[in-house]
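Visitor: File follows, protein14.tsv with TSV, C-alpha atoms:
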chain	number	residue	atom	x	y	z
A	1	MET	CA	-34.58	-19.77	32.55
A	2	ASN	CA	-31.51	-17.79	31.57
A	3	THR	CA	-31.16	-19.72	28.31
A	4	GLN	CA	-34.83	-19.11	27.64
A	5	PHE	CA	-34.32	-15.38	28.17
A	6	GLU	CA	-31.24	-15.44	25.90
A	7	GLN	CA	-33.17	-17.28	23.21
A	8	ASN	CA	-36.03	-14.80	23.43
A	9	SER	CA	-33.73	-11.81	23.26
A	10	LEU	CA	-31.95	-13.21	20.20
A	11	GLU	CA	-35.09	-14.17	18.31
A	12	PRO	CA	-37.30	-11.31	17.18
A	13	THR	CA	-41.00	-11.76	17.72
A	14	GLY	CA	-44.17	-10.01	16.63
A	15	GLU	CA	-43.97	-7.07	14.27
A	16	LEU	CA	-40.16	-6.95	14.32
A	17	ALA	CA	-40.01	-10.57	13.20
A	18	ASN	CA	-42.37	-9.77	10.33
A	19	THR	CA	-40.33	-6.75	9.32
A	20	ILE	CA	-37.08	-8.73	9.34
A	21	ARG	CA	-38.77	-11.49	7.36
A	22	ALA	CA	-39.89	-8.91	4.81
A	23	PHE	CA	-36.36	-7.54	4.68
A	24	ARG	CA	-34.97	-10.99	3.93
A	25	SER	CA	-37.64	-11.58	1.33
A	26	ALA	CA	-36.85	-8.28	-0.43
A	27	VAL	CA	-33.09	-8.86	-0.41
A	28	THR	CA	-33.52	-12.40	-1.68
A	29	HIS	CA	-35.89	-11.20	-4.38
A	30	ILE	CA	-33.35	-8.61	-5.62
A	31	ALA	CA	-30.49	-11.11	-5.48
A	32	SER	CA	-32.49	-13.65	-7.48
A	33	ARG	CA	-33.44	-11.03	-10.02
A	34	GLU	CA	-29.88	-9.75	-10.42
A	35	THR	CA	-28.30	-13.17	-10.68
A	36	ALA	CA	-30.99	-14.79	-12.78
A	37	ARG	CA	-28.95	-14.65	-15.98
A	38	PRO	CA	-26.21	-17.26	-16.22
A	39	VAL	CA	-22.71	-15.91	-16.07
A	40	SER	CA	-20.72	-15.50	-19.25
A	41	ALA	CA	-17.32	-17.07	-19.81
A	42	ASP	CA	-15.53	-13.83	-19.09
A	43	TRP	CA	-17.57	-13.04	-16.00
A	44	LEU	CA	-14.44	-12.88	-13.86
A	45	ALA	CA	-12.56	-10.70	-16.39
A	46	PRO	CA	-13.44	-7.37	-14.66
A	47	ALA	CA	-12.27	-8.81	-11.35
A	48	ARG	CA	-9.00	-9.90	-12.98
A	49	ARG	CA	-8.55	-6.41	-14.45
A	50	ARG	CA	-9.22	-4.81	-11.06
A	51	ARG	CA	-6.74	-7.17	-9.44
A	52	ARG	CA	-4.10	-6.42	-12.08
A	53	ARG	CA	-4.69	-2.68	-11.71
A	54	ALA	CA	-4.44	-2.92	-7.94
A	55	ARG	CA	-1.20	-4.86	-8.30
A	56	GLN	CA	0.18	-2.27	-10.74
A	57	THR	CA	-0.83	0.53	-8.39
A	58	MET	CA	0.92	-1.25	-5.57
A	59	MET	CA	4.06	-1.74	-7.66
A	60	LEU	CA	3.95	1.90	-8.74
A	61	ALA	CA	3.65	2.97	-5.12
A	62	TRP	CA	6.66	0.82	-4.20
A	63	ALA	CA	8.64	2.15	-7.17
A	64	CYS	CA	7.84	5.73	-6.15
A	65	ALA	CA	8.89	4.97	-2.60
A	66	ALA	CA	12.14	3.42	-3.84
A	67	LEU	CA	12.83	6.41	-6.11
A	68	LEU	CA	12.15	8.79	-3.28
A	69	PHE	CA	14.51	6.82	-1.08
A	70	LEU	CA	17.22	6.84	-3.75
A	71	ALA	CA	16.71	10.56	-4.35
A	72	THR	CA	17.13	11.38	-0.68
A	73	LEU	CA	20.03	8.95	-0.19
A	74	PRO	CA	22.83	11.37	-1.34
A	75	PHE	CA	21.52	14.06	0.99
A	76	SER	CA	21.43	11.72	3.91
A	77	LEU	CA	24.91	10.40	3.04
A	78	SER	CA	26.35	13.91	2.76
A	79	SER	CA	24.80	14.90	6.04
A	80	HIS	CA	26.34	11.77	7.58
A	81	SER	CA	29.77	12.47	6.02
A	82	ALA	CA	29.65	16.09	7.22
A	83	ALA	CA	29.82	14.95	10.80
A	84	PRO	CA	33.36	13.40	10.76
A	85	GLN	CA	34.78	16.41	8.92
A	86	PRO	CA	35.90	18.16	12.12
A	87	VAL	CA	37.88	15.04	12.98
A	88	ILE	CA	39.71	15.26	9.66
A	89	THR	CA	40.48	18.95	10.16
A	90	ALA	CA	41.64	18.20	13.67
A	91	ALA	CA	43.89	15.49	12.34
A	92	THR	CA	45.35	17.78	9.66
A	93	ALA	CA	45.66	20.65	12.13
A	94	HIS	CA	47.53	18.37	14.53
A	95	ALA	CA	50.81	18.52	12.52
A	96	PRO	CA	51.40	22.30	12.82
A	97	VAL	CA	50.54	22.13	16.50
A	98	HIS	CA	53.05	19.32	16.86
A	99	GLU	CA	55.65	21.38	14.99
A	100	ALA	CA	54.93	24.39	17.17
A	101	ASP	CA	55.35	22.21	20.25
A	102	ASN	CA	58.70	20.97	19.03
A	103	ALA	CA	59.88	24.49	18.28
A	104	LEU	CA	58.81	25.64	21.71
A	105	LEU	CA	60.57	22.75	23.37
A	106	GLU	CA	63.72	23.42	21.39
A	107	GLN	CA	63.57	27.07	22.34
A	108	VAL	CA	63.08	26.19	25.98
A	109	ASP	CA	65.92	23.73	25.72
A	110	THR	CA	68.30	26.28	24.26
A	111	ASP	CA	67.21	28.96	26.72
A	112	VAL	CA	67.67	26.67	29.66
A	113	SER	CA	70.98	25.40	28.46
A	114	GLU	CA	72.31	28.86	27.71
A	115	THR	CA	71.26	30.73	30.78
A	116	VAL	CA	72.87	28.84	33.56
A	117	PRO	CA	72.89	31.01	36.64
A	118	SER	CA	76.37	32.03	37.75
A	119	PRO	CA	76.08	30.44	41.19
A	120	LEU	CA	75.45	27.16	39.45
A	121	LYS	CA	78.34	27.63	37.05
A	122	PRO	CA	80.69	25.41	39.11
A	123	LEU	CA	78.05	22.75	39.25
A	124	ALA	CA	77.63	22.98	35.52
A	125	GLU	CA	81.34	22.71	35.11
A	126	LEU	CA	81.40	19.89	37.53
A	127	ALA	CA	78.61	18.22	35.61
A	128	SER	CA	80.46	18.78	32.39
A	129	TRP	CA	83.67	17.60	34.04
A	130	ASN	CA	81.81	14.66	35.45
A	131	SER	CA	80.46	13.81	32.08
A	132	ASP	CA	83.88	14.36	30.62
A	133	SER	CA	85.47	12.31	33.34
A	134	THR	CA	82.97	9.53	32.87
A	135	SER	CA	83.73	9.52	29.20
A	136	THR	CA	87.43	9.82	29.85
A	137	SER	CA	87.35	7.27	32.66
A	138	ALA	CA	85.51	5.01	30.33
A	139	SER	CA	88.13	5.55	27.69
A	140	ASN	CA	90.87	5.30	30.33
A	141	SER	CA	89.55	2.07	31.64
A	142	ALA	CA	89.32	0.86	28.13
A	143	SER	CA	92.85	1.87	27.42
A	144	ARG	CA	93.91	0.55	30.81
A	145	SER	CA	92.32	-2.75	30.12
A	146	SER	CA	93.97	-2.81	26.77
A	147	SER	CA	97.33	-1.91	28.33
A	148	ASN	CA	96.70	-4.46	31.07
A	149	GLY	CA	95.80	-6.87	28.44
A	150	SER	CA	98.97	-6.16	26.66
A	151	ALA	CA	100.81	-6.41	29.92
A	152	LEU	CA	99.30	-9.68	30.76
A	153	ALA	CA	99.59	-10.82	27.27
A	154	PRO	CA	102.57	-13.01	26.78
A	155	THR	CA	105.19	-11.12	25.00
A	156	GLU	CA	106.69	-12.74	22.16
A	157	ASN	CA	109.90	-10.96	22.97
A	158	HIS	CA	110.34	-13.05	26.16
B	1	MET	CA	-35.63	-17.12	-2.78
B	2	GLU	CA	-35.72	-20.59	-4.27
B	3	ASN	CA	-32.64	-19.89	-6.38
B	4	ILE	CA	-30.54	-19.20	-3.34
B	5	ALA	CA	-28.46	-22.13	-2.20
B	6	SER	CA	-29.79	-23.38	1.07
B	7	THR	CA	-27.75	-22.94	4.25
B	8	GLU	CA	-28.63	-26.50	5.15
B	9	LEU	CA	-26.37	-28.19	2.67
B	10	PRO	CA	-26.38	-31.98	2.60
B	11	LEU	CA	-23.56	-33.58	4.55
B	12	ILE	CA	-20.77	-34.50	2.18
B	13	SER	CA	-17.24	-35.69	2.70
B	14	GLN	CA	-14.13	-33.55	2.37
B	15	GLU	CA	-13.14	-35.34	-0.83
B	16	GLN	CA	-16.52	-34.56	-2.32
B	17	LEU	CA	-16.14	-30.93	-1.33
B	18	VAL	CA	-12.75	-30.68	-2.98
B	19	LEU	CA	-14.04	-32.44	-6.08
B	20	GLU	CA	-17.01	-30.13	-6.12
B	21	LEU	CA	-14.63	-27.19	-5.96
B	22	ALA	CA	-12.70	-28.53	-8.93
B	23	ASP	CA	-15.73	-27.83	-11.10
B	24	PHE	CA	-15.65	-24.12	-10.45
B	25	ASP	CA	-18.43	-23.21	-12.85
B	26	GLU	CA	-20.73	-25.31	-10.76
B	27	VAL	CA	-19.55	-23.55	-7.61
B	28	VAL	CA	-20.32	-20.19	-9.22
B	29	ARG	CA	-23.72	-21.39	-10.34
B	30	LEU	CA	-24.60	-22.68	-6.87
B	31	TYR	CA	-23.29	-19.94	-4.64
B	32	ARG	CA	-23.19	-16.75	-6.72
B	33	SER	CA	-26.69	-15.67	-5.80
B	34	ARG	CA	-26.11	-16.26	-2.14
B	35	ILE	CA	-22.81	-14.37	-2.02
B	36	PHE	CA	-24.37	-11.54	-4.00
B	37	ARG	CA	-27.27	-11.41	-1.54
B	38	PHE	CA	-24.97	-11.24	1.45
B	39	LEU	CA	-22.85	-8.49	-0.14
B	40	MET	CA	-25.85	-6.48	-1.25
B	41	ALA	CA	-27.46	-6.72	2.17
B	42	SER	CA	-24.17	-5.63	3.75
B	43	LEU	CA	-23.34	-2.77	1.41
B	44	GLY	CA	-26.72	-1.76	0.02
B	45	ASP	CA	-25.20	-1.19	-3.41
B	46	ARG	CA	-26.06	-3.48	-6.28
B	47	ASP	CA	-23.09	-2.62	-8.55
B	48	LEU	CA	-20.61	-2.83	-5.71
B	49	ALA	CA	-22.13	-6.13	-4.63
B	50	GLU	CA	-21.70	-7.49	-8.16
B	51	SER	CA	-18.06	-6.35	-8.31
B	52	LEU	CA	-17.28	-7.85	-4.93
B	53	THR	CA	-19.05	-11.07	-5.88
B	54	GLN	CA	-16.71	-11.36	-8.86
B	55	ASP	CA	-13.73	-10.57	-6.62
B	56	CYS	CA	-14.90	-13.18	-4.15
B	57	PHE	CA	-15.08	-15.94	-6.76
B	58	LEU	CA	-11.78	-14.89	-8.30
B	59	ARG	CA	-10.11	-15.11	-4.90
B	60	ALA	CA	-11.73	-18.45	-4.28
B	61	TYR	CA	-10.64	-19.70	-7.70
B	62	ASN	CA	-7.04	-18.60	-7.11
B	63	ALA	CA	-7.02	-20.19	-3.67
B	64	ARG	CA	-8.99	-23.32	-4.58
B	65	HIS	CA	-5.95	-25.56	-4.06
B	66	GLN	CA	-5.65	-24.31	-0.48
B	67	PHE	CA	-9.22	-25.36	0.32
B	68	ARG	CA	-8.92	-28.37	2.59
B	69	GLY	CA	-12.58	-28.98	3.17
B	70	ASP	CA	-12.46	-28.13	6.89
B	71	ALA	CA	-15.52	-25.95	6.43
B	72	SER	CA	-18.25	-26.05	3.83
B	73	ILE	CA	-17.72	-24.20	0.56
B	74	SER	CA	-20.51	-21.87	1.54
B	75	THR	CA	-18.77	-20.95	4.82
B	76	TRP	CA	-15.47	-20.54	2.99
B	77	LEU	CA	-16.97	-18.25	0.34
B	78	THR	CA	-18.85	-16.23	2.95
B	79	ARG	CA	-15.61	-15.78	4.88
B	80	ILE	CA	-13.93	-14.44	1.72
B	81	ALA	CA	-16.90	-12.12	1.15
B	82	LEU	CA	-16.65	-10.88	4.76
B	83	ASN	CA	-12.98	-10.06	4.23
B	84	LEU	CA	-13.79	-8.25	1.01
B	85	VAL	CA	-16.43	-6.14	2.75
B	86	ARG	CA	-13.96	-5.32	5.51
B	87	ASP	CA	-11.26	-4.37	2.98
B	88	HIS	CA	-13.70	-2.29	0.98
B	89	LEU	CA	-14.95	-0.37	4.03
B	90	ARG	CA	-11.38	0.19	5.15
B	91	SER	CA	-10.30	1.55	1.76
B	92	ARG	CA	-13.42	3.71	1.59
B	93	ARG	CA	-12.51	5.17	4.97
B	94	MET	CA	-9.01	5.87	3.63
B	95	ARG	CA	-10.54	7.70	0.64
B	96	PHE	CA	-12.48	9.98	2.92
B	97	TRP	CA	-12.20	12.88	0.49
B	98	GLN	CA	-14.41	11.04	-1.97
B	99	LYS	CA	-18.07	11.71	-1.56
B	100	THR	CA	-19.79	8.63	-0.28
B	101	ARG	CA	-23.43	7.96	-0.78
B	102	ASP	CA	-25.58	9.06	2.09
B	103	SER	CA	-28.09	6.42	1.38
B	104	ALA	CA	-26.84	3.74	-0.94
B	105	ILE	CA	-29.99	1.77	-0.22
B	106	ASP	CA	-31.87	4.00	-2.64
B	107	MET	CA	-29.69	2.58	-5.37
B	108	VAL	CA	-31.27	-0.82	-4.86
B	109	ASP	CA	-34.60	-0.93	-6.54
B	110	ILE	CA	-37.20	-2.85	-4.61
B	111	SER	CA	-40.17	-1.44	-6.49
B	112	ASP	CA	-40.92	-4.76	-8.14
B	113	TRP	CA	-40.81	-6.65	-4.87
B	114	VAL	CA	-44.23	-7.74	-3.78
B	115	PRO	CA	-44.33	-9.22	-0.28
B	116	ASP	CA	-47.63	-10.94	-0.76
B	117	PRO	CA	-49.56	-11.13	-4.03
B	118	ALA	CA	-52.83	-10.91	-2.11
B	119	ALA	CA	-51.80	-7.77	-0.22
B	120	THR	CA	-53.36	-4.41	-0.96
B	121	ALA	CA	-51.35	-1.66	-2.61
B	122	GLU	CA	-51.25	0.21	0.67
B	123	THR	CA	-49.83	-2.78	2.54
B	124	VAL	CA	-47.24	-3.33	-0.15
B	125	MET	CA	-46.14	0.31	0.05
B	126	LEU	CA	-46.02	0.13	3.84
B	127	GLN	CA	-43.92	-3.02	3.78
B	128	ARG	CA	-41.52	-1.54	1.24
B	129	GLU	CA	-41.05	1.45	3.53
B	130	GLN	CA	-40.41	-0.85	6.46
B	131	VAL	CA	-37.85	-2.80	4.46
B	132	LYS	CA	-36.04	0.40	3.49
B	133	GLN	CA	-36.08	1.49	7.09
B	134	VAL	CA	-34.61	-1.80	8.30
B	135	TRP	CA	-31.99	-1.64	5.57
B	136	ASN	CA	-31.02	1.88	6.63
B	137	VAL	CA	-30.71	0.81	10.25
B	138	VAL	CA	-28.64	-2.22	9.23
B	139	GLY	CA	-26.36	0.17	7.37
B	140	GLU	CA	-25.90	2.16	10.57
B	141	LEU	CA	-24.86	-0.86	12.64
B	142	SER	CA	-21.23	-1.51	13.40
B	143	ARG	CA	-19.51	-3.81	10.91
B	144	GLN	CA	-19.56	-6.81	13.22
B	145	GLN	CA	-23.14	-6.25	14.34
B	146	ARG	CA	-24.20	-5.94	10.71
B	147	ASN	CA	-22.34	-9.09	9.70
B	148	VAL	CA	-23.88	-11.10	12.49
B	149	PHE	CA	-27.36	-9.69	11.85
B	150	ILE	CA	-27.26	-10.46	8.13
B	151	LEU	CA	-25.75	-13.89	8.57
B	152	ARG	CA	-28.44	-14.75	11.12
B	153	PHE	CA	-31.55	-13.25	9.59
B	154	VAL	CA	-30.79	-13.10	5.88
B	155	GLU	CA	-28.52	-16.11	5.45
B	156	GLU	CA	-30.33	-17.91	8.29
B	157	MET	CA	-27.14	-19.36	9.71
B	158	GLU	CA	-26.98	-20.96	13.12
B	159	LEU	CA	-24.98	-19.14	15.81
B	160	ALA	CA	-22.20	-21.74	15.72
B	161	GLU	CA	-21.92	-21.40	11.96
B	162	ILE	CA	-21.76	-17.61	12.27
B	163	ALA	CA	-19.02	-18.00	14.84
B	164	GLU	CA	-17.09	-20.27	12.50
B	165	THR	CA	-17.52	-17.93	9.54
B	166	THR	CA	-16.64	-14.73	11.35
B	167	GLY	CA	-13.92	-16.22	13.56
B	168	MET	CA	-15.64	-14.98	16.72
B	169	ASN	CA	-16.68	-17.15	19.62
B	170	THR	CA	-20.34	-17.92	20.12
B	171	SER	CA	-20.82	-15.60	23.09
B	172	THR	CA	-19.40	-12.68	21.10
B	173	VAL	CA	-21.76	-13.53	18.26
B	174	LYS	CA	-24.67	-13.55	20.73
B	175	SER	CA	-23.59	-10.25	22.15
B	176	HIS	CA	-23.38	-8.59	18.73
B	177	LEU	CA	-26.68	-10.09	17.69
B	178	TYR	CA	-28.40	-8.91	20.86
B	179	ARG	CA	-27.15	-5.36	20.38
B	180	ALA	CA	-27.99	-5.35	16.67
B	181	LEU	CA	-31.52	-6.53	17.37
B	182	ARG	CA	-32.00	-3.94	20.07
B	183	ILE	CA	-30.89	-1.16	17.70
B	184	VAL	CA	-33.10	-2.44	14.87
B	185	ARG	CA	-36.04	-2.73	17.27
B	186	GLU	CA	-35.51	0.81	18.56
B	187	ARG	CA	-34.91	2.52	15.23
B	188	ALA	CA	-37.02	0.54	12.81
B	189	GLY	CA	-39.96	0.92	15.15
B	190	GLY	CA	-40.98	-2.72	15.32
B	191	GLN	CA	-42.52	-3.77	18.61
B	192	SER	CA	-41.80	-7.27	19.78
Render the structure in this file as structure tokens.
Guide:
Amino acid sequence: MNTQFEQNSLEPTGELANTIRAFRSAVTHIASRETARPVSADWLAPARRRRRRARQTMMLAWACAALLFLATLPFSLSSHSAAPQPVITAATAHAPVHEADNALLEQVDTDVSETVPSPLKPLAELASWNSDSTSTSASNSASRSSSNGSALAPTENH
Amino acid sequence: MENIASTELPLISQEQLVLELADFDEVVRLYRSRIFRFLMASLGDRDLAESLTQDCFLRAYNARHQFRGDASISTWLTRIALNLVRDHLRSRRMRFWQKTRDSAIDMVDISDWVPDPAATAETVMLQREQVKQVWNVVGELSRQQRNVFILRFVEEMELAEIAETTGMNTSTVKSHLYRALRIVRERAGGQS
């Protein structure tokens, strides 16, 4: 039943069928008339020309696109290289900052070393004495060891 | 009508098909009229149909070594023609600034078409008007509806063959055909 309905709805009947039949007849008539003459040997030549032209147009479009890309490449590269420039300036500006830091530290060092408060003077002296004594004790011990060594060393005079 | 290669081609083997394709002049002679008819019915422009017919056979010639004989040569050529129509309509849509013909059907001259030699002049005129009307309505159908309509009623293909040619499944073909027929019935004024 359903198939019957489908078949009916897909097959024109009555006047519509006649009209469609007339349409087919007219189209077929024109096609027969237009293709009645046998084709010449170069019948496909216009199609080949169109194909070649389309290919050339395509190649031209690609070439234009490539040229455009190459033309814009330096701009894009320069815009890319402009970004790391602050890093370079920072790196070059780092040396004077470093020098200024060193100068400041030296100044602080000299200031601190020069201005020892008077109440701490004995301590400073003690520290200097201590450092002196350590150096002297070190030298003493060295000399002592050498003297001991000489003492312990068998004398050739004996 | 008699010059047009019949849809009901005799059953031949794949080897025969490939051999037949090797003689390309014969292929052109057999199928040119049919491809031209399909393209003219689809586009309603005789010159354009001729150009696309040439393009179709050139494409087929260049791809003849790829033809494996899975489908008939007719189906294969029709498929190429369908693709050409699609490409043409797409490129025409891209060139929207160019003036397109409002009614390309007028370009096709059907004045020498006589539906029935015994018919009166009035009947002939009436039938020519009806044909123009149907052609205009076919031109207004969607691309797929138009393809299915023409393949069914001009090329007289079976639904399965249409499905194979267009790459749609049979139910989609039926659906497009149903809608196309409804539109033609409504607009061309035929009463079923």
Visitor: Restrict the distance test to only C-alpha atoms, flag each residue of chain B within 8 Å of chain A, and return the flagged residues as an mmCIF file with C-alpha atoms, in the frame of the given file.
Guide:
data_model
loop_
_atom_site.group_PDB
_atom_site.id
_atom_site.type_symbol
_atom_site.label_atom_id
_atom_site.label_comp_id
_atom_site.auth_asym_id
_atom_site.auth_seq_id
_atom_site.Cartn_x
_atom_site.Cartn_y
_atom_site.Cartn_z
ATOM 1 C CA MET B 1 -35.630 -17.120 -2.780
ATOM 2 C CA ASN B 3 -32.640 -19.890 -6.380
ATOM 3 C CA ILE B 4 -30.540 -19.200 -3.340
ATOM 4 C CA ARG B 29 -23.720 -21.390 -10.340
ATOM 5 C CA ARG B 32 -23.190 -16.750 -6.720
ATOM 6 C CA SER B 33 -26.690 -15.670 -5.800
ATOM 7 C CA ARG B 34 -26.110 -16.260 -2.140
ATOM 8 C CA PHE B 36 -24.370 -11.540 -4.000
ATOM 9 C CA ARG B 37 -27.270 -11.410 -1.540
ATOM 10 C CA MET B 40 -25.850 -6.480 -1.250
ATOM 11 C CA ALA B 41 -27.460 -6.720 2.170
ATOM 12 C CA SER B 51 -18.060 -6.350 -8.310
ATOM 13 C CA GLN B 54 -16.710 -11.360 -8.860
ATOM 14 C CA ASP B 55 -13.730 -10.570 -6.620
ATOM 15 C CA PHE B 57 -15.080 -15.940 -6.760
ATOM 16 C CA LEU B 58 -11.780 -14.890 -8.300
ATOM 17 C CA ASP B 109 -34.600 -0.930 -6.540
ATOM 18 C CA ILE B 110 -37.200 -2.850 -4.610
ATOM 19 C CA TRP B 113 -40.810 -6.650 -4.870
ATOM 20 C CA PRO B 115 -44.330 -9.220 -0.280
ATOM 21 C CA GLN B 127 -43.920 -3.020 3.780
ATOM 22 C CA GLN B 130 -40.410 -0.850 6.460
ATOM 23 C CA VAL B 131 -37.850 -2.800 4.460
ATOM 24 C CA VAL B 134 -34.610 -1.800 8.300
ATOM 25 C CA TRP B 135 -31.990 -1.640 5.570
ATOM 26 C CA PHE B 153 -31.550 -13.250 9.590
ATOM 27 C CA VAL B 154 -30.790 -13.100 5.880
ATOM 28 C CA LYS B 174 -24.670 -13.550 20.730
ATOM 29 C CA LEU B 177 -26.680 -10.090 17.690
ATOM 30 C CA TYR B 178 -28.400 -8.910 20.860
ATOM 31 C CA LEU B 181 -31.520 -6.530 17.370
ATOM 32 C CA ARG B 185 -36.040 -2.730 17.270
ATOM 33 C CA GLY B 189 -39.960 0.920 15.150
ATOM 34 C CA GLY B 190 -40.980 -2.720 15.320
ATOM 35 C CA GLN B 191 -42.520 -3.770 18.610
ATOM 36 C CA SER B 192 -41.800 -7.270 19.780
#
Visitor: Return as lines of an AutoDock Vina configuration file the box centre and box size in Å, one decimal, for an axis-aligned box around all listed atoms of region 29-40 of chain B padded by 4 Å per side.
Guide:
center_x = -25.0
center_y = -14.6
center_z = -4.4
size_x = 12.5
size_y = 24.2
size_z = 19.8
Visitor: What is the CA of Gln145 (chain B) to CA of Ile183 (chain B) distance in Å?
Guide: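 A separation of 9.9 Å between them.
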Visitor: With all atoms listed in the file as the basis for distance, which of B:Ile150, B:Gly139, B:Ser175, B:Phe67 is at the shortest distance from Asp45 (chain B)?
Guide: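 Under the stated criterion, the closest residue is B:Gly139.
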Visitor: Using all atoms listed in the file, which of the listed residues (B:Val137, B:Met157, B:Ile162, B:Ala60) sits closest to Arg182 (chain B)?
Guide: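 The closest residue to Arg182 (chain B) is B:Val137.
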Visitor: Quick one: distance from CA of Thr53 (chain B) to CA of Asn83 (chain B) in Å, one decimal?
Guide: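 Distance reported for this atom pair: 11.8 Å.
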Visitor: Need the shell around region 84-90 of chain B: protein/DNA/RNA residues with any atom at most 9 Å away, counting all atoms listed in the file. Skip same-chain ones fewer than 2 positions apart. Format as a tab-separated table (two decimals) with C-alpha atoms, keeping the file's coordinate frame?
Guide:
chain	number	residue	atom	x	y	z
B	39	LEU	CA	-22.85	-8.49	-0.14
B	42	SER	CA	-24.17	-5.63	3.75
B	43	LEU	CA	-23.34	-2.77	1.41
B	52	LEU	CA	-17.28	-7.85	-4.93
B	55	ASP	CA	-13.73	-10.57	-6.62
B	56	CYS	CA	-14.90	-13.18	-4.15
B	79	ARG	CA	-15.61	-15.78	4.88
B	80	ILE	CA	-13.93	-14.44	1.72
B	81	ALA	CA	-16.90	-12.12	1.15
B	82	LEU	CA	-16.65	-10.88	4.76
B	92	ARG	CA	-13.42	3.71	1.59
B	93	ARG	CA	-12.51	5.17	4.97
B	94	MET	CA	-9.01	5.87	3.63
B	95	ARG	CA	-10.54	7.70	0.64
B	143	ARG	CA	-19.51	-3.81	10.91
